[in-house]
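The structure appears right after this line, and notes come after that.
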Amino acid sequence: MQLLSSAIRIPSQPPSLSQLKPQSFPPKHHLPSGISLYKPTGMTSLSRFIAGSVTELAAGAGTNEVSTLMEYVGKGGINVGDDLLVLLYHIQYACKRIAALVASPFNSALGKHSTGGAGAGGSARDAPKPLDLVSNEIILSSLRNSGKVSVMASEEDDVPVWINDDGPFVVVLDPLDGSRNIDASIPTGTIFGIYNRLVELDNLPTEEKALLNSLQSGSRLVVAGYVLYSSATILCTSFGSGTHAFTLDHSTGDFILTHPSIRIPPRGQIYSVNDARYFDWPEGLRQYIDTVRQGNGKYPKKYSARYICSLVADFHRTLLYGGIAMNPRDHLRLVYEANPLSFLAEQAGGRGSDGKSRILSMQPVKLHQRLPLFLGSPDDIDELESYGDVQQKVNPGYEV
Ligand SMILES: O=P(O)(O)OC[C@H]1O[C@](O)(COP(=O)(O)O)[C@@H](O)[C@@H]1O
């Protein structure tokens, strides 16, 4: 025992919040000078071990090679172009740091610090927890270092942060969704969307162009994605040609393509909603849920309920198993959550709706605009919408 404790230096105290704050990452001198440096030179044993099963899953790729995210988007893959490649490198790097932070033995200490603020346009219940803020800073630091981003709009910031006049991209994000679940080690996630900078706005004052660039309609998204921090860390993304998921191989630090060209089942048998709110729901939504849970809907099977209360996790399950994930009240954000997830849903053959209209066709008018959100299998969303009255208008705010 003595030997063990002298061999492993266990800190007597958890690090303070400021100690855990991100440094500038990756350090400039470590940045690869050429794109080829982003490509791993080889696979370690774990990657080789899983290569066989990955190859089966990666049938779409038609190759025996394991593909990492960086290979996939690089010149040997779909080749998204050097600028986007560099940006994606920095985003996945930041998310790996967040994954480590979320799994850290010190995150509960972070969670106990009080920020004392209600955050951007939210109630006290929505006040960002410190881990949200640390994650926000980690991503901002990575985006700055990429040199590819003009503006970052984050759920955690009141206004967008202008980064670089020449950055070709605009990034919108929720750095750590579901963070209130952290203390119980329940999955959380990062959600992001990437747009092109609107060069026609370049001559406007900084504040104005930062806002207008961030308020682009979801139909203009170039890339959307999320990273799920769960039993596996999964980066799911779309560049407008299908939705693909990559699983983090902790032994190499690479995201490996494990779910190419995800197709959401046209119909599922699961609904995902906080149904303690049943008595605040409108009649149409109550009827819909009552109907499908009894197996009396268009799909004559009794539906099951699943609700993690962590959007990325609930969406990820829905993408893979089908069904419908919803939050019928004005709670989730159009810019940071609804648009990127609807883009991923559509690219997988699914739908994203506010209960009446297609999310991606909406023009955001406010940065922190909230709305009801329904994501999932096309047949399930169609059936839900046929009940007409499914948006929860009563939104008293809830304590838990
Ligand atoms: O309280 P509700 O209505 O069930 O909302 C839960 C949803 O809120 C979220 O926690 C996001 O809310 P915050 O932006 O306040 O963190 C999602 O992860 C989750 O899906």
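By convention in this document, the chains of the structure tokens carry letters A, B, ... by their order, each chain's residues are numbered from 1, and ligands are numbered from 1 in the order they are shown.
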Grab me every residue within 8 Å of ligand 1, counting only C-alpha atoms and all ligand atoms, and send it over as a compact mmCIF listing (two decimals) with N, CA and C atoms, in the first residue's frame.
# COMPACT_ATOMS: atom_id res chain seq x y z
N GLY A 122 -31.45 32.85 -19.42
CA GLY A 122 -32.09 31.69 -18.81
C GLY A 122 -32.54 31.96 -17.39
N ARG A 125 -32.41 28.04 -12.74
CA ARG A 125 -32.25 26.59 -12.93
C ARG A 125 -31.33 26.31 -14.11
N ASP A 126 -31.34 27.23 -15.09
CA ASP A 126 -30.52 27.03 -16.28
C ASP A 126 -29.11 27.58 -16.12
N ALA A 127 -28.81 28.12 -14.93
CA ALA A 127 -27.49 28.75 -14.76
C ALA A 127 -26.39 27.77 -15.13
N PRO A 128 -25.45 28.21 -15.96
CA PRO A 128 -24.41 27.27 -16.36
C PRO A 128 -23.58 26.81 -15.18
N GLU A 155 -23.89 28.75 -26.52
CA GLU A 155 -25.02 28.82 -25.60
C GLU A 155 -24.60 29.47 -24.28
N LEU A 176 -21.40 21.97 -23.50
CA LEU A 176 -21.61 20.78 -22.66
C LEU A 176 -23.08 20.70 -22.27
N ASP A 177 -23.84 20.07 -23.13
CA ASP A 177 -25.27 19.93 -22.85
C ASP A 177 -25.50 18.81 -21.84
N GLY A 178 -26.48 19.05 -20.97
CA GLY A 178 -26.83 18.01 -19.97
C GLY A 178 -25.90 18.02 -18.78
N SER A 179 -25.20 19.13 -18.55
CA SER A 179 -24.16 19.12 -17.52
C SER A 179 -24.72 18.96 -16.11
N ARG A 180 -26.02 19.20 -15.96
CA ARG A 180 -26.57 18.99 -14.62
C ARG A 180 -26.54 17.50 -14.23
N THR A 188 -23.31 13.18 -21.21
CA THR A 188 -23.45 14.59 -21.60
C THR A 188 -22.99 14.70 -23.05
N VAL A 273 -39.47 11.58 -23.78
CA VAL A 273 -39.99 12.89 -23.35
C VAL A 273 -40.08 12.89 -21.83
N ASN A 274 -40.01 14.06 -21.24
CA ASN A 274 -40.19 14.21 -19.80
C ASN A 274 -41.70 14.21 -19.53
N ILE A 308 -33.38 10.10 -20.91
CA ILE A 308 -32.16 10.30 -20.11
C ILE A 308 -32.14 11.72 -19.56
N CYS A 309 -32.82 12.63 -20.25
CA CYS A 309 -32.81 14.05 -19.89
C CYS A 309 -31.44 14.65 -20.20
N SER A 310 -30.83 14.13 -21.25
CA SER A 310 -29.56 14.66 -21.74
C SER A 310 -29.69 14.58 -23.26
N LEU A 311 -29.83 15.74 -23.88
CA LEU A 311 -30.29 15.79 -25.27
C LEU A 311 -29.44 14.95 -26.23
N VAL A 312 -28.13 15.05 -26.10
CA VAL A 312 -27.26 14.34 -27.04
C VAL A 312 -27.47 12.83 -26.89
N ASP A 314 -30.16 11.26 -25.67
CA ASP A 314 -31.50 10.88 -26.15
C ASP A 314 -31.55 10.92 -27.68
N ASN A 327 -38.82 17.55 -26.81
CA ASN A 327 -39.02 18.44 -25.68
C ASN A 327 -40.05 19.45 -26.15
N PRO A 328 -41.32 19.25 -25.76
CA PRO A 328 -42.40 20.01 -26.37
C PRO A 328 -42.52 21.46 -25.90
N ARG A 329 -41.78 21.83 -24.83
CA ARG A 329 -41.88 23.22 -24.36
C ARG A 329 -40.78 24.06 -25.00
N HIS A 331 -37.78 25.26 -24.75
CA HIS A 331 -36.63 25.11 -23.85
C HIS A 331 -35.32 25.00 -24.62
N LEU A 332 -35.29 24.17 -25.65
CA LEU A 332 -34.03 23.96 -26.36
C LEU A 332 -33.83 25.07 -27.38
N ARG A 333 -32.58 25.28 -27.74
CA ARG A 333 -32.24 26.45 -28.56
C ARG A 333 -32.15 26.11 -30.04
N TYR A 398 -39.26 24.59 -14.33
CA TYR A 398 -39.35 23.44 -13.43
C TYR A 398 -38.08 23.37 -12.58
N VAL A 400 -36.60 20.66 -11.21
CA VAL A 400 -35.67 19.58 -11.60
C VAL A 400 -36.06 19.08 -12.97
Would you list, as a PDB file with N, CA and C atoms, in the first residue's frame, the residues of range 60-251 of chain A that end up in strand (DSSP E or B) under DSSP run on this structure's backbone?
ATOM      1  N   THR A  68      -9.822   6.757 -39.591  1.00  0.00           N
ATOM      2  CA  THR A  68      -9.980   7.716 -38.503  1.00  0.00           C
ATOM      3  C   THR A  68     -10.745   8.925 -39.055  1.00  0.00           C
ATOM      4  N   VAL A 149     -11.641  30.382 -37.790  1.00  0.00           N
ATOM      5  CA  VAL A 149     -12.983  30.763 -37.348  1.00  0.00           C
ATOM      6  C   VAL A 149     -13.090  32.275 -37.179  1.00  0.00           C
ATOM      7  N   SER A 150     -14.109  32.847 -37.801  1.00  0.00           N
ATOM      8  CA  SER A 150     -14.317  34.294 -37.643  1.00  0.00           C
ATOM      9  C   SER A 150     -15.118  34.564 -36.375  1.00  0.00           C
ATOM     10  N   VAL A 151     -16.135  33.753 -36.122  1.00  0.00           N
ATOM     11  CA  VAL A 151     -16.977  34.027 -34.957  1.00  0.00           C
ATOM     12  C   VAL A 151     -17.471  32.730 -34.334  1.00  0.00           C
ATOM     13  N   MET A 152     -17.517  32.735 -32.997  1.00  0.00           N
ATOM     14  CA  MET A 152     -18.076  31.593 -32.269  1.00  0.00           C
ATOM     15  C   MET A 152     -19.273  32.094 -31.478  1.00  0.00           C
ATOM     16  N   ALA A 153     -20.423  31.440 -31.673  1.00  0.00           N
ATOM     17  CA  ALA A 153     -21.604  31.759 -30.866  1.00  0.00           C
ATOM     18  C   ALA A 153     -21.893  30.552 -29.998  1.00  0.00           C
ATOM     19  N   SER A 154     -21.880  30.765 -28.691  1.00  0.00           N
ATOM     20  CA  SER A 154     -22.046  29.641 -27.766  1.00  0.00           C
ATOM     21  C   SER A 154     -23.259  29.856 -26.876  1.00  0.00           C
ATOM     22  N   VAL A 161     -18.629  35.699 -29.973  1.00  0.00           N
ATOM     23  CA  VAL A 161     -17.253  36.175 -29.810  1.00  0.00           C
ATOM     24  C   VAL A 161     -16.617  36.285 -31.194  1.00  0.00           C
ATOM     25  N   TRP A 162     -16.220  37.505 -31.552  1.00  0.00           N
ATOM     26  CA  TRP A 162     -15.529  37.683 -32.835  1.00  0.00           C
ATOM     27  C   TRP A 162     -14.082  37.255 -32.641  1.00  0.00           C
ATOM     28  N   PHE A 169     -14.927  30.378 -41.351  1.00  0.00           N
ATOM     29  CA  PHE A 169     -16.087  29.683 -40.788  1.00  0.00           C
ATOM     30  C   PHE A 169     -16.678  30.374 -39.550  1.00  0.00           C
ATOM     31  N   VAL A 170     -17.953  30.066 -39.360  1.00  0.00           N
ATOM     32  CA  VAL A 170     -18.710  30.515 -38.186  1.00  0.00           C
ATOM     33  C   VAL A 170     -19.067  29.241 -37.419  1.00  0.00           C
ATOM     34  N   VAL A 171     -18.806  29.225 -36.120  1.00  0.00           N
ATOM     35  CA  VAL A 171     -19.127  28.022 -35.340  1.00  0.00           C
ATOM     36  C   VAL A 171     -20.177  28.378 -34.272  1.00  0.00           C
ATOM     37  N   VAL A 172     -21.246  27.599 -34.242  1.00  0.00           N
ATOM     38  CA  VAL A 172     -22.267  27.743 -33.187  1.00  0.00           C
ATOM     39  C   VAL A 172     -22.211  26.467 -32.345  1.00  0.00           C
ATOM     40  N   LEU A 173     -22.406  26.588 -31.034  1.00  0.00           N
ATOM     41  CA  LEU A 173     -22.251  25.374 -30.233  1.00  0.00           C
ATOM     42  C   LEU A 173     -22.878  25.461 -28.854  1.00  0.00           C
ATOM     43  N   ASP A 174     -23.195  24.294 -28.366  1.00  0.00           N
ATOM     44  CA  ASP A 174     -23.515  24.116 -26.951  1.00  0.00           C
ATOM     45  C   ASP A 174     -22.367  23.271 -26.408  1.00  0.00           C
ATOM     46  N   PRO A 175     -21.464  23.875 -25.626  1.00  0.00           N
ATOM     47  CA  PRO A 175     -20.227  23.159 -25.276  1.00  0.00           C
ATOM     48  C   PRO A 175     -20.431  21.924 -24.423  1.00  0.00           C
ATOM     49  N   LEU A 176     -21.395  21.971 -23.497  1.00  0.00           N
ATOM     50  CA  LEU A 176     -21.609  20.779 -22.658  1.00  0.00           C
ATOM     51  C   LEU A 176     -23.076  20.702 -22.267  1.00  0.00           C
ATOM     52  N   ASP A 177     -23.840  20.065 -23.134  1.00  0.00           N
ATOM     53  CA  ASP A 177     -25.268  19.933 -22.854  1.00  0.00           C
ATOM     54  C   ASP A 177     -25.501  18.807 -21.836  1.00  0.00           C
ATOM     55  N   THR A 188     -23.310  13.176 -21.209  1.00  0.00           N
ATOM     56  CA  THR A 188     -23.454  14.588 -21.602  1.00  0.00           C
ATOM     57  C   THR A 188     -22.989  14.699 -23.055  1.00  0.00           C
ATOM     58  N   GLY A 189     -22.983  15.896 -23.603  1.00  0.00           N
ATOM     59  CA  GLY A 189     -22.534  16.012 -24.993  1.00  0.00           C
ATOM     60  C   GLY A 189     -22.234  17.440 -25.408  1.00  0.00           C
ATOM     61  N   THR A 190     -21.436  17.544 -26.452  1.00  0.00           N
ATOM     62  CA  THR A 190     -21.163  18.828 -27.113  1.00  0.00           C
ATOM     63  C   THR A 190     -21.907  18.808 -28.447  1.00  0.00           C
ATOM     64  N   ILE A 191     -22.557  19.915 -28.780  1.00  0.00           N
ATOM     65  CA  ILE A 191     -23.248  20.010 -30.076  1.00  0.00           C
ATOM     66  C   ILE A 191     -22.633  21.183 -30.842  1.00  0.00           C
ATOM     67  N   PHE A 192     -22.376  20.991 -32.131  1.00  0.00           N
ATOM     68  CA  PHE A 192     -21.802  22.115 -32.894  1.00  0.00           C
ATOM     69  C   PHE A 192     -22.350  22.177 -34.326  1.00  0.00           C
ATOM     70  N   GLY A 193     -22.309  23.377 -34.845  1.00  0.00           N
ATOM     71  CA  GLY A 193     -22.664  23.590 -36.252  1.00  0.00           C
ATOM     72  C   GLY A 193     -21.632  24.528 -36.869  1.00  0.00           C
ATOM     73  N   ILE A 194     -21.345  24.319 -38.148  1.00  0.00           N
ATOM     74  CA  ILE A 194     -20.355  25.168 -38.839  1.00  0.00           C
ATOM     75  C   ILE A 194     -21.005  25.761 -40.091  1.00  0.00           C
ATOM     76  N   TYR A 195     -20.889  27.084 -40.219  1.00  0.00           N
ATOM     77  CA  TYR A 195     -21.374  27.787 -41.413  1.00  0.00           C
ATOM     78  C   TYR A 195     -20.188  28.470 -42.081  1.00  0.00           C
ATOM     79  N   ASN A 196     -20.376  28.829 -43.345  1.00  0.00           N
ATOM     80  CA  ASN A 196     -19.388  29.703 -43.984  1.00  0.00           C
ATOM     81  C   ASN A 196     -19.595  31.125 -43.479  1.00  0.00           C
ATOM     82  N   VAL A 223     -21.445  21.888 -41.883  1.00  0.00           N
ATOM     83  CA  VAL A 223     -21.156  20.709 -41.059  1.00  0.00           C
ATOM     84  C   VAL A 223     -21.986  20.820 -39.782  1.00  0.00           C
ATOM     85  N   ALA A 224     -22.459  19.691 -39.289  1.00  0.00           N
ATOM     86  CA  ALA A 224     -23.043  19.674 -37.940  1.00  0.00           C
ATOM     87  C   ALA A 224     -22.503  18.435 -37.240  1.00  0.00           C
ATOM     88  N   GLY A 225     -22.537  18.470 -35.932  1.00  0.00           N
ATOM     89  CA  GLY A 225     -22.055  17.292 -35.215  1.00  0.00           C
ATOM     90  C   GLY A 225     -22.343  17.361 -33.739  1.00  0.00           C
ATOM     91  N   TYR A 226     -22.146  16.246 -33.090  1.00  0.00           N
ATOM     92  CA  TYR A 226     -22.162  16.220 -31.629  1.00  0.00           C
ATOM     93  C   TYR A 226     -21.111  15.237 -31.165  1.00  0.00           C
ATOM     94  N   VAL A 227     -20.691  15.423 -29.936  1.00  0.00           N
ATOM     95  CA  VAL A 227     -19.821  14.435 -29.298  1.00  0.00           C
ATOM     96  C   VAL A 227     -20.543  13.974 -28.041  1.00  0.00           C
ATOM     97  N   LEU A 228     -20.748  12.678 -27.953  1.00  0.00           N
ATOM     98  CA  LEU A 228     -21.422  12.081 -26.800  1.00  0.00           C
ATOM     99  C   LEU A 228     -20.356  11.575 -25.835  1.00  0.00           C
ATOM    100  N   TYR A 229     -20.441  12.042 -24.577  1.00  0.00           N
ATOM    101  CA  TYR A 229     -19.512  11.564 -23.552  1.00  0.00           C
ATOM    102  C   TYR A 229     -20.264  10.537 -22.711  1.00  0.00           C
ATOM    103  N   THR A 233     -16.925   7.520 -26.076  1.00  0.00           N
ATOM    104  CA  THR A 233     -16.986   8.898 -26.562  1.00  0.00           C
ATOM    105  C   THR A 233     -17.182   8.822 -28.069  1.00  0.00           C
ATOM    106  N   ILE A 234     -18.297   9.359 -28.525  1.00  0.00           N
ATOM    107  CA  ILE A 234     -18.653   9.203 -29.937  1.00  0.00           C
ATOM    108  C   ILE A 234     -18.834  10.553 -30.591  1.00  0.00           C
ATOM    109  N   LEU A 235     -18.149  10.739 -31.710  1.00  0.00           N
ATOM    110  CA  LEU A 235     -18.300  11.969 -32.487  1.00  0.00           C
ATOM    111  C   LEU A 235     -19.130  11.621 -33.714  1.00  0.00           C
ATOM    112  N   CYS A 236     -20.294  12.222 -33.791  1.00  0.00           N
ATOM    113  CA  CYS A 236     -21.199  11.955 -34.909  1.00  0.00           C
ATOM    114  C   CYS A 236     -21.296  13.229 -35.737  1.00  0.00           C
ATOM    115  N   THR A 237     -21.125  13.105 -37.030  1.00  0.00           N
ATOM    116  CA  THR A 237     -21.051  14.328 -37.827  1.00  0.00           C
ATOM    117  C   THR A 237     -21.628  14.134 -39.218  1.00  0.00           C
ATOM    118  N   SER A 238     -21.949  15.251 -39.844  1.00  0.00           N
ATOM    119  CA  SER A 238     -22.369  15.221 -41.243  1.00  0.00           C
ATOM    120  C   SER A 238     -21.800  16.436 -41.960  1.00  0.00           C
ATOM    121  N   THR A 243     -24.763  10.851 -42.464  1.00  0.00           N
ATOM    122  CA  THR A 243     -24.393  11.061 -41.057  1.00  0.00           C
ATOM    123  C   THR A 243     -23.514   9.891 -40.641  1.00  0.00           C
ATOM    124  N   HIS A 244     -22.383  10.199 -40.042  1.00  0.00           N
ATOM    125  CA  HIS A 244     -21.384   9.167 -39.740  1.00  0.00           C
ATOM    126  C   HIS A 244     -20.903   9.328 -38.302  1.00  0.00           C
ATOM    127  N   ALA A 245     -20.681   8.219 -37.620  1.00  0.00           N
ATOM    128  CA  ALA A 245     -20.224   8.315 -36.232  1.00  0.00           C
ATOM    129  C   ALA A 245     -18.872   7.631 -36.061  1.00  0.00           C
ATOM    130  N   PHE A 246     -18.042   8.244 -35.247  1.00  0.00           N
ATOM    131  CA  PHE A 246     -16.674   7.809 -34.986  1.00  0.00           C
ATOM    132  C   PHE A 246     -16.532   7.613 -33.481  1.00  0.00           C
ATOM    133  N   THR A 247     -15.910   6.517 -33.093  1.00  0.00           N
ATOM    134  CA  THR A 247     -15.766   6.214 -31.666  1.00  0.00           C
ATOM    135  C   THR A 247     -14.312   6.424 -31.251  1.00  0.00           C
ATOM    136  N   LEU A 248     -14.136   7.082 -30.119  1.00  0.00           N
ATOM    137  CA  LEU A 248     -12.784   7.398 -29.663  1.00  0.00           C
ATOM    138  C   LEU A 248     -12.063   6.137 -29.190  1.00  0.00           C
ATOM    139  N   ASP A 249     -10.911   5.875 -29.803  1.00  0.00           N
ATOM    140  CA  ASP A 249     -10.028   4.802 -29.349  1.00  0.00           C
ATOM    141  C   ASP A 249      -9.058   5.449 -28.358  1.00  0.00           C
TER     142      ASP A 249
END
Taking only C-alpha atoms into account, name the residue in A:Val335, A:Phe255, A:Ser217, A:Ala348 that is nearest to Pro160 in chain A. A:Val335
To one decimal place in Å, what is the distance between CA of Asn145 in chain A and CA of Ser241 in chain A? 27.4 Å
Among A:Asn339, A:Gln391, A:Ser135, A:Ser214, Gly355 in chain A is approached most closely, using only C-alpha atoms, by A:Gln391
Picked from range 162-364 of chain A by DSSP as alpha helix (DSSP H), as a ChimeraX atom specification: /A:206-214,283-293,311-321,339-347
